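One file, target_37.cif, is given below (mmCIF, C-alpha atoms; chains and numbers go by the auth columns).
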data_work
loop_
_atom_site.group_PDB
_atom_site.id
_atom_site.type_symbol
_atom_site.label_atom_id
_atom_site.label_comp_id
_atom_site.label_asym_id
_atom_site.label_seq_id
_atom_site.Cartn_x
_atom_site.Cartn_y
_atom_site.Cartn_z
_atom_site.B_iso_or_equiv
_atom_site.auth_seq_id
_atom_site.auth_asym_id
ATOM 1 C CA MET A 1 -39.917 -4.669 -32.863 0.00 1 D
ATOM 2 C CA ARG A 2 -36.726 -6.167 -34.256 0.00 2 D
ATOM 3 C CA ALA A 3 -34.943 -6.328 -30.914 0.00 3 D
ATOM 4 C CA LEU A 4 -37.682 -8.413 -29.317 0.00 4 D
ATOM 5 C CA LYS A 5 -37.304 -11.016 -32.051 0.00 5 D
ATOM 6 C CA LEU A 6 -33.576 -11.177 -31.323 0.00 6 D
ATOM 7 C CA PHE A 7 -34.067 -11.274 -27.551 0.00 7 D
ATOM 8 C CA ALA A 8 -33.045 -14.879 -26.925 0.00 8 D
ATOM 9 C CA ALA A 9 -29.659 -14.554 -28.614 0.00 9 D
ATOM 10 C CA ILE A 10 -28.853 -11.210 -26.998 0.00 10 D
ATOM 11 C CA ALA A 11 -29.882 -12.181 -23.464 0.00 11 D
ATOM 12 C CA THR A 12 -28.153 -15.554 -23.644 0.00 12 D
ATOM 13 C CA ALA A 13 -24.903 -13.950 -24.767 0.00 13 D
ATOM 14 C CA ALA A 14 -25.069 -11.422 -21.908 0.00 14 D
ATOM 15 C CA VAL A 15 -25.722 -14.047 -19.270 0.00 15 D
ATOM 16 C CA MET A 16 -23.073 -16.439 -20.619 0.00 16 D
ATOM 17 C CA ALA A 17 -20.520 -13.643 -20.515 0.00 17 D
ATOM 18 C CA GLY A 18 -21.007 -13.649 -16.751 0.00 18 D
ATOM 19 C CA CYS A 19 -20.323 -9.918 -16.444 0.00 19 D
ATOM 20 C CA ALA A 20 -17.448 -10.713 -14.128 0.00 20 D
ATOM 21 C CA SER A 21 -16.132 -7.189 -14.456 0.00 21 D
ATOM 22 C CA ALA A 22 -19.344 -5.480 -13.360 0.00 22 D
ATOM 23 C CA LYS A 23 -18.247 -4.713 -9.801 0.00 23 D
ATOM 24 C CA ALA A 24 -14.787 -3.720 -10.949 0.00 24 D
ATOM 25 C CA ALA A 25 -16.259 -1.451 -13.605 0.00 25 D
ATOM 26 C CA ALA A 26 -18.540 0.455 -11.267 0.00 26 D
ATOM 27 C CA PRO A 27 -15.827 2.582 -9.628 0.00 27 D
ATOM 28 C CA ALA A 28 -14.724 3.642 -13.120 0.00 28 D
ATOM 29 C CA ALA A 29 -18.028 5.429 -13.618 0.00 29 D
ATOM 30 C CA SER A 30 -17.767 9.193 -13.682 0.00 30 D
ATOM 31 C CA ALA A 31 -18.364 10.790 -10.303 0.00 31 D
ATOM 32 C CA PRO A 32 -22.000 11.925 -10.138 0.00 32 D
ATOM 33 C CA SER A 33 -22.912 15.465 -9.283 0.00 33 D
ATOM 34 C CA SER A 34 -25.394 15.611 -6.417 0.00 34 D
ATOM 35 C CA ALA A 35 -26.421 19.138 -7.304 0.00 35 D
ATOM 36 C CA ALA A 36 -27.145 18.819 -11.006 0.00 36 D
ATOM 37 C CA PRO A 37 -30.684 17.848 -12.058 0.00 37 D
ATOM 38 C CA SER A 38 -31.291 14.415 -13.538 0.00 38 D
ATOM 39 C CA SER A 39 -31.769 14.001 -17.285 0.00 39 D
ATOM 40 C CA ALA A 40 -35.269 13.165 -18.514 0.00 40 D
ATOM 41 C CA ALA A 41 -36.996 12.534 -21.785 0.00 41 D
ATOM 42 C CA PRO A 42 -37.363 15.666 -23.934 0.00 42 D
ATOM 43 C CA GLY A 43 -40.376 17.723 -22.941 0.00 43 D
ATOM 44 C CA SER A 44 -40.971 15.821 -19.722 0.00 44 D
ATOM 45 C CA SER A 45 -39.910 15.853 -16.100 0.00 45 D
ATOM 46 C CA ALA A 46 -38.999 12.958 -13.831 0.00 46 D
ATOM 47 C CA PRO A 47 -42.013 11.552 -11.944 0.00 47 D
ATOM 48 C CA SER A 48 -42.339 12.567 -8.336 0.00 48 D
ATOM 49 C CA SER A 49 -41.488 10.050 -5.657 0.00 49 D
ATOM 50 C CA SER A 50 -41.928 9.810 -1.921 0.00 50 D
ATOM 51 C CA ALA A 51 -38.374 8.481 -1.569 0.00 51 D
ATOM 52 C CA PRO A 52 -36.151 10.550 0.742 0.00 52 D
ATOM 53 C CA SER A 53 -33.391 12.815 -0.534 0.00 53 D
ATOM 54 C CA SER A 54 -30.094 11.351 -1.707 0.00 54 D
ATOM 55 C CA SER A 55 -27.994 9.731 0.978 0.00 55 D
ATOM 56 C CA ALA A 56 -24.333 10.439 1.493 0.00 56 D
ATOM 57 C CA ALA A 57 -23.608 6.821 0.586 0.00 57 D
ATOM 58 C CA GLY A 58 -24.407 7.527 -3.069 0.00 58 D
ATOM 59 C CA PRO A 59 -25.579 5.120 -5.780 0.00 59 D
ATOM 60 C CA SER A 60 -25.349 1.343 -5.437 0.00 60 D
ATOM 61 C CA VAL A 61 -22.881 -0.802 -7.367 0.00 61 D
ATOM 62 C CA SER A 62 -25.678 -1.858 -9.723 0.00 62 D
ATOM 63 C CA ALA A 63 -26.659 1.733 -10.447 0.00 63 D
ATOM 64 C CA LEU A 64 -23.058 2.801 -11.062 0.00 64 D
ATOM 65 C CA MET A 65 -22.658 -0.010 -13.572 0.00 65 D
ATOM 66 C CA VAL A 66 -24.736 1.851 -16.190 0.00 66 D
ATOM 67 C CA CYS A 67 -21.885 4.359 -16.423 0.00 67 D
ATOM 68 C CA GLY A 68 -19.096 1.825 -15.950 0.00 68 D
ATOM 69 C CA THR A 69 -16.574 0.283 -18.313 0.00 69 D
ATOM 70 C CA GLU A 70 -18.627 -2.794 -19.265 0.00 70 D
ATOM 71 C CA ILE A 71 -21.799 -0.967 -20.333 0.00 71 D
ATOM 72 C CA ALA A 72 -19.758 1.787 -22.000 0.00 72 D
ATOM 73 C CA GLY A 73 -18.145 -0.988 -24.039 0.00 73 D
ATOM 74 C CA ASP A 74 -21.570 -2.322 -25.001 0.00 74 D
ATOM 75 C CA VAL A 75 -22.656 1.142 -26.111 0.00 75 D
ATOM 76 C CA ASN A 76 -19.536 1.460 -28.248 0.00 76 D
ATOM 77 C CA THR A 77 -20.058 -1.995 -29.766 0.00 77 D
ATOM 78 C CA ILE A 78 -23.756 -1.563 -30.551 0.00 78 D
ATOM 79 C CA LEU A 79 -23.431 1.963 -31.936 0.00 79 D
ATOM 80 C CA ALA A 80 -19.854 1.706 -33.308 0.00 80 D
ATOM 81 C CA ALA A 81 -19.353 5.119 -31.741 0.00 81 D
ATOM 82 C CA SER A 82 -16.588 7.262 -33.205 0.00 82 D
ATOM 83 C CA PRO A 83 -15.267 9.187 -31.457 0.00 83 D
ATOM 84 C CA ALA A 84 -15.918 7.319 -28.214 0.00 84 D
ATOM 85 C CA PRO A 85 -18.745 8.941 -26.245 0.00 85 D
ATOM 86 C CA THR A 86 -18.109 11.157 -23.270 0.00 86 D
ATOM 87 C CA LYS A 87 -20.184 10.607 -20.121 0.00 87 D
ATOM 88 C CA THR A 88 -21.735 12.802 -17.460 0.00 88 D
ATOM 89 C CA SER A 89 -23.663 11.602 -14.432 0.00 89 D
ATOM 90 C CA THR A 90 -25.907 12.920 -11.687 0.00 90 D
ATOM 91 C CA TRP A 91 -27.259 11.586 -8.368 0.00 91 D
ATOM 92 C CA SER A 92 -30.377 13.290 -7.068 0.00 92 D
ATOM 93 C CA ASP A 93 -33.345 12.022 -5.034 0.00 93 D
ATOM 94 C CA HIS A 94 -32.002 8.472 -5.297 0.00 94 D
ATOM 95 C CA LEU A 95 -31.948 8.685 -9.101 0.00 95 D
ATOM 96 C CA TYR A 96 -28.582 7.938 -10.712 0.00 96 D
ATOM 97 C CA THR A 97 -28.413 9.169 -14.306 0.00 97 D
ATOM 98 C CA CYS A 98 -25.633 8.563 -16.798 0.00 98 D
ATOM 99 C CA THR A 99 -25.722 10.429 -20.102 0.00 99 D
ATOM 100 C CA TYR A 100 -23.635 9.228 -23.035 0.00 100 D
ATOM 101 C CA HIS A 101 -22.799 12.050 -25.424 0.00 101 D
ATOM 102 C CA LEU A 102 -22.279 10.656 -28.936 0.00 102 D
ATOM 103 C CA ALA A 103 -21.821 12.208 -32.344 0.00 103 D
ATOM 104 C CA SER A 104 -25.282 10.861 -33.223 0.00 104 D
ATOM 105 C CA GLY A 105 -26.960 12.340 -30.131 0.00 105 D
ATOM 106 C CA THR A 106 -27.425 11.352 -26.497 0.00 106 D
ATOM 107 C CA LEU A 107 -28.247 8.096 -24.737 0.00 107 D
ATOM 108 C CA VAL A 108 -29.520 8.402 -21.158 0.00 108 D
ATOM 109 C CA LEU A 109 -29.372 5.502 -18.709 0.00 109 D
ATOM 110 C CA SER A 110 -30.893 5.960 -15.264 0.00 110 D
ATOM 111 C CA VAL A 111 -31.580 3.879 -12.177 0.00 111 D
ATOM 112 C CA LYS A 112 -34.103 4.902 -9.526 0.00 112 D
ATOM 113 C CA GLU A 113 -33.362 3.329 -6.152 0.00 113 D
ATOM 114 C CA SER A 114 -36.558 3.102 -4.120 0.00 114 D
ATOM 115 C CA PRO A 115 -36.721 2.363 -0.360 0.00 115 D
ATOM 116 C CA ASP A 116 -39.067 -0.623 -0.829 0.00 116 D
ATOM 117 C CA ALA A 117 -41.015 -2.644 -3.407 0.00 117 D
ATOM 118 C CA ALA A 118 -44.213 -0.625 -3.004 0.00 118 D
ATOM 119 C CA SER A 119 -42.409 2.653 -3.679 0.00 119 D
ATOM 120 C CA ALA A 120 -40.633 1.079 -6.643 0.00 120 D
ATOM 121 C CA ASN A 121 -43.931 -0.013 -8.189 0.00 121 D
ATOM 122 C CA THR A 122 -45.400 3.447 -7.611 0.00 122 D
ATOM 123 C CA TYR A 123 -42.433 5.029 -9.383 0.00 123 D
ATOM 124 C CA LEU A 124 -42.722 2.541 -12.265 0.00 124 D
ATOM 125 C CA ALA A 125 -46.415 3.369 -12.721 0.00 125 D
ATOM 126 C CA ALA A 126 -45.723 7.125 -12.598 0.00 126 D
ATOM 127 C CA LEU A 127 -42.996 6.834 -15.211 0.00 127 D
ATOM 128 C CA GLN A 128 -45.229 4.739 -17.464 0.00 128 D
ATOM 129 C CA HIS A 129 -47.945 7.383 -17.214 0.00 129 D
ATOM 130 C CA GLN A 130 -45.419 10.106 -18.005 0.00 130 D
ATOM 131 C CA LEU A 131 -44.159 8.355 -21.136 0.00 131 D
ATOM 132 C CA GLY A 132 -47.651 7.917 -22.585 0.00 132 D
ATOM 133 C CA SER A 133 -48.426 5.015 -24.920 0.00 133 D
ATOM 134 C CA THR A 134 -46.305 1.991 -24.009 0.00 134 D
ATOM 135 C CA THR A 135 -46.174 -1.762 -24.606 0.00 135 D
ATOM 136 C CA ALA A 136 -45.634 -4.173 -21.735 0.00 136 D
ATOM 137 C CA LEU A 137 -42.542 -6.366 -21.704 0.00 137 D
ATOM 138 C CA THR A 138 -43.881 -9.806 -20.845 0.00 138 D
ATOM 139 C CA GLY A 139 -42.122 -12.981 -19.767 0.00 139 D
ATOM 140 C CA SER A 140 -38.671 -13.406 -21.270 0.00 140 D
ATOM 141 C CA GLN A 141 -38.787 -9.988 -22.961 0.00 141 D
ATOM 142 C CA GLY A 142 -37.949 -8.365 -19.618 0.00 142 D
ATOM 143 C CA LEU A 143 -35.852 -11.270 -18.314 0.00 143 D
ATOM 144 C CA GLY A 144 -38.809 -12.131 -16.090 0.00 144 D
ATOM 145 C CA PHE A 145 -39.161 -8.648 -14.597 0.00 145 D
ATOM 146 C CA PRO A 146 -42.021 -6.144 -15.083 0.00 146 D
ATOM 147 C CA GLY A 147 -41.418 -3.366 -17.567 0.00 147 D
ATOM 148 C CA PHE A 148 -42.501 -1.606 -20.720 0.00 148 D
ATOM 149 C CA GLN A 149 -41.208 0.123 -23.829 0.00 149 D
ATOM 150 C CA ASN A 150 -42.405 2.565 -26.463 0.00 150 D
ATOM 151 C CA ALA A 151 -41.650 3.210 -30.103 0.00 151 D
ATOM 152 C CA ALA A 152 -40.013 6.559 -29.281 0.00 152 D
ATOM 153 C CA GLY A 153 -37.003 4.768 -27.761 0.00 153 D
ATOM 154 C CA ASN A 154 -37.691 4.206 -24.052 0.00 154 D
ATOM 155 C CA VAL A 155 -37.334 0.910 -22.186 0.00 155 D
ATOM 156 C CA VAL A 156 -38.123 0.687 -18.468 0.00 156 D
ATOM 157 C CA ILE A 157 -37.672 -2.433 -16.341 0.00 157 D
ATOM 158 C CA LEU A 158 -38.109 -2.919 -12.592 0.00 158 D
ATOM 159 C CA LYS A 159 -35.878 -5.354 -10.694 0.00 159 D
ATOM 160 C CA ASP A 160 -36.421 -5.546 -6.955 0.00 160 D
ATOM 161 C CA ASP A 161 -36.263 -1.927 -5.698 0.00 161 D
ATOM 162 C CA LYS A 162 -34.437 -0.545 -8.751 0.00 162 D
ATOM 163 C CA THR A 163 -36.062 0.916 -11.853 0.00 163 D
ATOM 164 C CA LEU A 164 -33.866 0.910 -14.956 0.00 164 D
ATOM 165 C CA HIS A 165 -34.750 3.450 -17.656 0.00 165 D
ATOM 166 C CA VAL A 166 -32.935 3.432 -20.987 0.00 166 D
ATOM 167 C CA ASP A 167 -33.809 6.529 -23.007 0.00 167 D
ATOM 168 C CA ALA A 168 -32.569 6.485 -26.601 0.00 168 D
ATOM 169 C CA THR A 169 -34.903 9.236 -27.811 0.00 169 D
ATOM 170 C CA GLY A 170 -31.945 11.599 -28.227 0.00 170 D
ATOM 171 C CA LEU A 171 -30.217 9.377 -30.808 0.00 171 D
ATOM 172 C CA SER A 172 -30.548 9.400 -34.580 0.00 172 D
ATOM 173 C CA ALA A 173 -33.501 7.488 -36.036 0.00 173 D
ATOM 174 C CA ALA A 174 -31.111 4.810 -37.390 0.00 174 D
ATOM 175 C CA SER A 175 -28.012 4.193 -35.276 0.00 175 D
ATOM 176 C CA GLY A 176 -24.905 2.051 -35.590 0.00 176 D
ATOM 177 C CA PRO A 177 -23.761 -0.183 -38.442 0.00 177 D
ATOM 178 C CA SER A 178 -27.009 -2.179 -38.232 0.00 178 D
ATOM 179 C CA LYS A 179 -29.107 1.007 -38.505 0.00 179 D
ATOM 180 C CA LEU A 180 -31.028 0.176 -35.342 0.00 180 D
ATOM 181 C CA SER A 181 -34.115 2.140 -34.419 0.00 181 D
ATOM 182 C CA ARG A 182 -34.113 4.077 -31.147 0.00 182 D
ATOM 183 C CA ALA A 183 -36.404 1.432 -29.637 0.00 183 D
ATOM 184 C CA ASP A 184 -34.044 -1.379 -30.656 0.00 184 D
ATOM 185 C CA VAL A 185 -31.008 0.417 -29.228 0.00 185 D
ATOM 186 C CA ALA A 186 -32.814 0.993 -25.925 0.00 186 D
ATOM 187 C CA TYR A 187 -33.908 -2.637 -25.703 0.00 187 D
ATOM 188 C CA GLU A 188 -30.480 -4.068 -26.488 0.00 188 D
ATOM 189 C CA ILE A 189 -28.784 -1.839 -23.894 0.00 189 D
ATOM 190 C CA ALA A 190 -31.454 -2.645 -21.280 0.00 190 D
ATOM 191 C CA THR A 191 -31.100 -6.416 -21.720 0.00 191 D
ATOM 192 C CA ASP A 192 -27.305 -6.138 -21.578 0.00 192 D
ATOM 193 C CA ILE A 193 -27.570 -4.318 -18.243 0.00 193 D
ATOM 194 C CA LEU A 194 -30.108 -6.737 -16.767 0.00 194 D
ATOM 195 C CA GLY A 195 -28.079 -9.731 -17.921 0.00 195 D
ATOM 196 C CA CYS A 196 -25.250 -8.500 -15.685 0.00 196 D
ATOM 197 C CA TRP A 197 -27.122 -6.796 -12.849 0.00 197 D
ATOM 198 C CA THR A 198 -26.485 -7.988 -9.315 0.00 198 D
ATOM 199 C CA GLY A 199 -29.464 -6.031 -8.010 0.00 199 D
ATOM 200 C CA LYS A 200 -27.410 -4.787 -5.061 0.00 200 D
#
Please express the file's structure as structure tokens.
Amino acid sequence: MRALKLFAAIATAAVMAGCASAKAAAPAASAPSSAAPSSAAPGSSAPSSSAPSSSAAGPSVSALMVCGTEIAGDVNTILAASPAPTKTSTWSDHLYTCTYHLASGTLVLSVKESPDAASANTYLAALQHQLGSTTALTGSQGLGFPGFQNAAGNVVILKDDKTLHVDATGLSAASGPSKLSRADVAYEIATDILGCWTGK
């Protein structure tokens, strides 16, 4: 896929940027609704998990970042979105979901916060099974973390106890000025997030 070939340049740029505004951006994320169901890929439901129900504390700083100012700016830059997308978010069963509503469709970013590494790996495996045919992200492709992607436009990467899922299946087949495929959009957004993620 095109995005994998461009990985080194994209990841290096994200890391060099330092993402200094990540923590400041998180509070700017839209307030999640604890009652609304989480978004999932069309025709599928979120995999079950043994994690307890959502805590009153809410999502972590890292999870909130997917709906924050910095990542919203990346979405606008990559997709040249006009008008700027609106965002909605949910927090349910320790799954924070941010949906970007664009003229070209929807982009769904979600972070599952598991209680421990074993639960996180179980969730990752369940999600991979749910999404069907996937290709593993190896070595530098996932910034050193386990993950996978598929041609439909899903990228999933596990870092510590957090599972990042970028779902671009709701976008047009060719998006942005570079006419990126759904898979390329998902990969570029995922690497931008991981390049900045504190993991806390």
- Task: Apply the PyMOL selection byres ((chain D and resi 170-183) around 12) to the file shown and report the selected residues as a PyMOL selection string.
- Result: chain D and resi 1-4+39-43+74-82+99-109+134-135+148-156+166-169+184-190
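For the pair atom CA of Gly195 of chain D and atom CA of His94 of chain D, the interatomic distance is 22.5 Å.
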- Residues picked by the PyMOL selection byres ((chain D and resi 145) around 7) here, as a ChimeraX atom specification? /D:142-144,146-147,157-159
- Distance of atom CA of Ser62 of chain D from atom CA of Trp197 of chain D, expressed in Å to one decimal place: 6.0 Å
- Task: Could you jot down the atom CA of Ala120 of chain D to atom CA of Leu137 of chain D separation for me, Å, one decimal place?
- Result: 16.9 Å
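The residues caught by the PyMOL selection byres ((chain D and resi 121) around 12) in this file are Ser49, Ser50, Lys112, Glu113, Ser114, Pro115, Asp116, Ala117, Ala118, Ser119, Ala120, Thr122, Tyr123, Leu124, Ala125, Ala126, Leu127, Gln128, Phe145, Pro146, Gly147, Val156, Ile157, Leu158, Lys159, Asp160, Asp161, Lys162 and Thr163 of chain D.
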Would you save the residues of that selection, restricted to C-alpha atoms, as an mmCIF file, in the coordinates of the input?
data_model
loop_
_atom_site.group_PDB
_atom_site.id
_atom_site.type_symbol
_atom_site.label_atom_id
_atom_site.label_comp_id
_atom_site.auth_asym_id
_atom_site.auth_seq_id
_atom_site.Cartn_x
_atom_site.Cartn_y
_atom_site.Cartn_z
ATOM 1 C CA SER D 49 -41.488 10.050 -5.657
ATOM 2 C CA SER D 50 -41.928 9.810 -1.921
ATOM 3 C CA LYS D 112 -34.103 4.902 -9.526
ATOM 4 C CA GLU D 113 -33.362 3.329 -6.152
ATOM 5 C CA SER D 114 -36.558 3.102 -4.120
ATOM 6 C CA PRO D 115 -36.721 2.363 -0.360
ATOM 7 C CA ASP D 116 -39.067 -0.623 -0.829
ATOM 8 C CA ALA D 117 -41.015 -2.644 -3.407
ATOM 9 C CA ALA D 118 -44.213 -0.625 -3.004
ATOM 10 C CA SER D 119 -42.409 2.653 -3.679
ATOM 11 C CA ALA D 120 -40.633 1.079 -6.643
ATOM 12 C CA THR D 122 -45.400 3.447 -7.611
ATOM 13 C CA TYR D 123 -42.433 5.029 -9.383
ATOM 14 C CA LEU D 124 -42.722 2.541 -12.265
ATOM 15 C CA ALA D 125 -46.415 3.369 -12.721
ATOM 16 C CA ALA D 126 -45.723 7.125 -12.598
ATOM 17 C CA LEU D 127 -42.996 6.834 -15.211
ATOM 18 C CA GLN D 128 -45.229 4.739 -17.464
ATOM 19 C CA PHE D 145 -39.161 -8.648 -14.597
ATOM 20 C CA PRO D 146 -42.021 -6.144 -15.083
ATOM 21 C CA GLY D 147 -41.418 -3.366 -17.567
ATOM 22 C CA VAL D 156 -38.123 0.687 -18.468
ATOM 23 C CA ILE D 157 -37.672 -2.433 -16.341
ATOM 24 C CA LEU D 158 -38.109 -2.919 -12.592
ATOM 25 C CA LYS D 159 -35.878 -5.354 -10.694
ATOM 26 C CA ASP D 160 -36.421 -5.546 -6.955
ATOM 27 C CA ASP D 161 -36.263 -1.927 -5.698
ATOM 28 C CA LYS D 162 -34.437 -0.545 -8.751
ATOM 29 C CA THR D 163 -36.062 0.916 -11.853
#
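Ranking D:Cys98, D:Val61, D:Leu131, D:Val66 by their shortest atom-to-atom distance to Thr191 of chain D, with only C-alpha atoms included, puts D:Val66 first.
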- Just the residues within 9 Å of Tyr96 of chain D, please, counting only C-alpha atoms, with nothing from its chain fewer than 3 positions along; format it as a ChimeraX atom specification. /D:32,38,58-59,63-64,89-93,109-113
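Taking all atoms listed in the file into account, Gln141 of chain D lies nearest to D:Leu194 out of the set D:Pro83, D:Leu194, D:Ile71, D:Met65.
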Since the input is missing atoms, can you rebuild N, CA and C atoms for segment 90-116 of chain D and write them as a short mmCIF file (atom, residue, chain, number, x, y, z; two decimals), keeping the file's coordinate frame?
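Final file, part35.cif:
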data_model
loop_
_atom_site.label_atom_id
_atom_site.label_comp_id
_atom_site.auth_asym_id
_atom_site.auth_seq_id
_atom_site.Cartn_x
_atom_site.Cartn_y
_atom_site.Cartn_z
N THR D 90 -25.33 12.18 -12.80
CA THR D 90 -25.91 12.92 -11.69
C THR D 90 -26.51 11.94 -10.69
N TRP D 91 -26.64 12.38 -9.44
CA TRP D 91 -27.26 11.59 -8.37
C TRP D 91 -28.13 12.53 -7.57
N SER D 92 -29.44 12.39 -7.72
CA SER D 92 -30.38 13.29 -7.07
C SER D 92 -31.65 12.54 -6.72
N ASP D 93 -32.11 12.67 -5.49
CA ASP D 93 -33.34 12.02 -5.03
C ASP D 93 -33.32 10.52 -5.33
N HIS D 94 -32.19 9.91 -5.08
CA HIS D 94 -32.00 8.47 -5.30
C HIS D 94 -32.17 8.06 -6.76
N LEU D 95 -31.92 8.98 -7.67
CA LEU D 95 -31.95 8.68 -9.10
C LEU D 95 -30.55 8.92 -9.66
N TYR D 96 -29.90 7.83 -10.09
CA TYR D 96 -28.58 7.94 -10.71
C TYR D 96 -28.77 7.96 -12.23
N THR D 97 -28.24 8.99 -12.87
CA THR D 97 -28.41 9.17 -14.31
C THR D 97 -27.07 9.30 -14.98
N CYS D 98 -26.86 8.50 -16.01
CA CYS D 98 -25.63 8.56 -16.80
C CYS D 98 -26.00 8.90 -18.24
N THR D 99 -25.44 10.00 -18.73
CA THR D 99 -25.72 10.43 -20.10
C THR D 99 -24.50 10.21 -20.98
N TYR D 100 -24.69 9.46 -22.04
CA TYR D 100 -23.64 9.23 -23.04
C TYR D 100 -23.80 10.25 -24.16
N HIS D 101 -22.76 11.03 -24.38
CA HIS D 101 -22.80 12.05 -25.42
C HIS D 101 -22.07 11.52 -26.65
N LEU D 102 -22.83 11.23 -27.71
CA LEU D 102 -22.28 10.66 -28.94
C LEU D 102 -22.42 11.63 -30.09
N ALA D 103 -21.70 11.37 -31.16
CA ALA D 103 -21.82 12.21 -32.34
C ALA D 103 -23.24 12.16 -32.90
N SER D 104 -23.93 11.04 -32.70
CA SER D 104 -25.28 10.86 -33.22
C SER D 104 -26.37 11.33 -32.26
N GLY D 105 -25.97 11.86 -31.09
CA GLY D 105 -26.96 12.34 -30.13
C GLY D 105 -26.63 11.88 -28.72
N THR D 106 -27.64 11.75 -27.89
CA THR D 106 -27.42 11.35 -26.50
C THR D 106 -28.21 10.09 -26.15
N LEU D 107 -27.61 9.29 -25.27
CA LEU D 107 -28.25 8.10 -24.74
C LEU D 107 -28.23 8.25 -23.23
N VAL D 108 -29.41 8.16 -22.60
CA VAL D 108 -29.52 8.40 -21.16
C VAL D 108 -29.93 7.11 -20.44
N LEU D 109 -29.10 6.69 -19.52
CA LEU D 109 -29.37 5.50 -18.71
C LEU D 109 -29.56 5.95 -17.26
N SER D 110 -30.65 5.54 -16.65
CA SER D 110 -30.89 5.96 -15.26
C SER D 110 -31.42 4.81 -14.42
N VAL D 111 -31.12 4.88 -13.13
CA VAL D 111 -31.58 3.88 -12.18
C VAL D 111 -32.17 4.61 -10.97
N LYS D 112 -33.44 4.36 -10.71
CA LYS D 112 -34.10 4.90 -9.53
C LYS D 112 -34.04 3.86 -8.41
N GLU D 113 -33.48 4.24 -7.28
CA GLU D 113 -33.36 3.33 -6.15
C GLU D 113 -34.42 3.69 -5.11
N SER D 114 -35.44 2.85 -5.02
CA SER D 114 -36.56 3.10 -4.12
C SER D 114 -36.33 2.42 -2.77
N PRO D 115 -36.94 2.93 -1.70
CA PRO D 115 -36.72 2.36 -0.36
C PRO D 115 -37.37 1.00 -0.15
N ASP D 116 -38.40 0.66 -0.97
CA ASP D 116 -39.07 -0.62 -0.83
C ASP D 116 -39.81 -0.95 -2.12
#
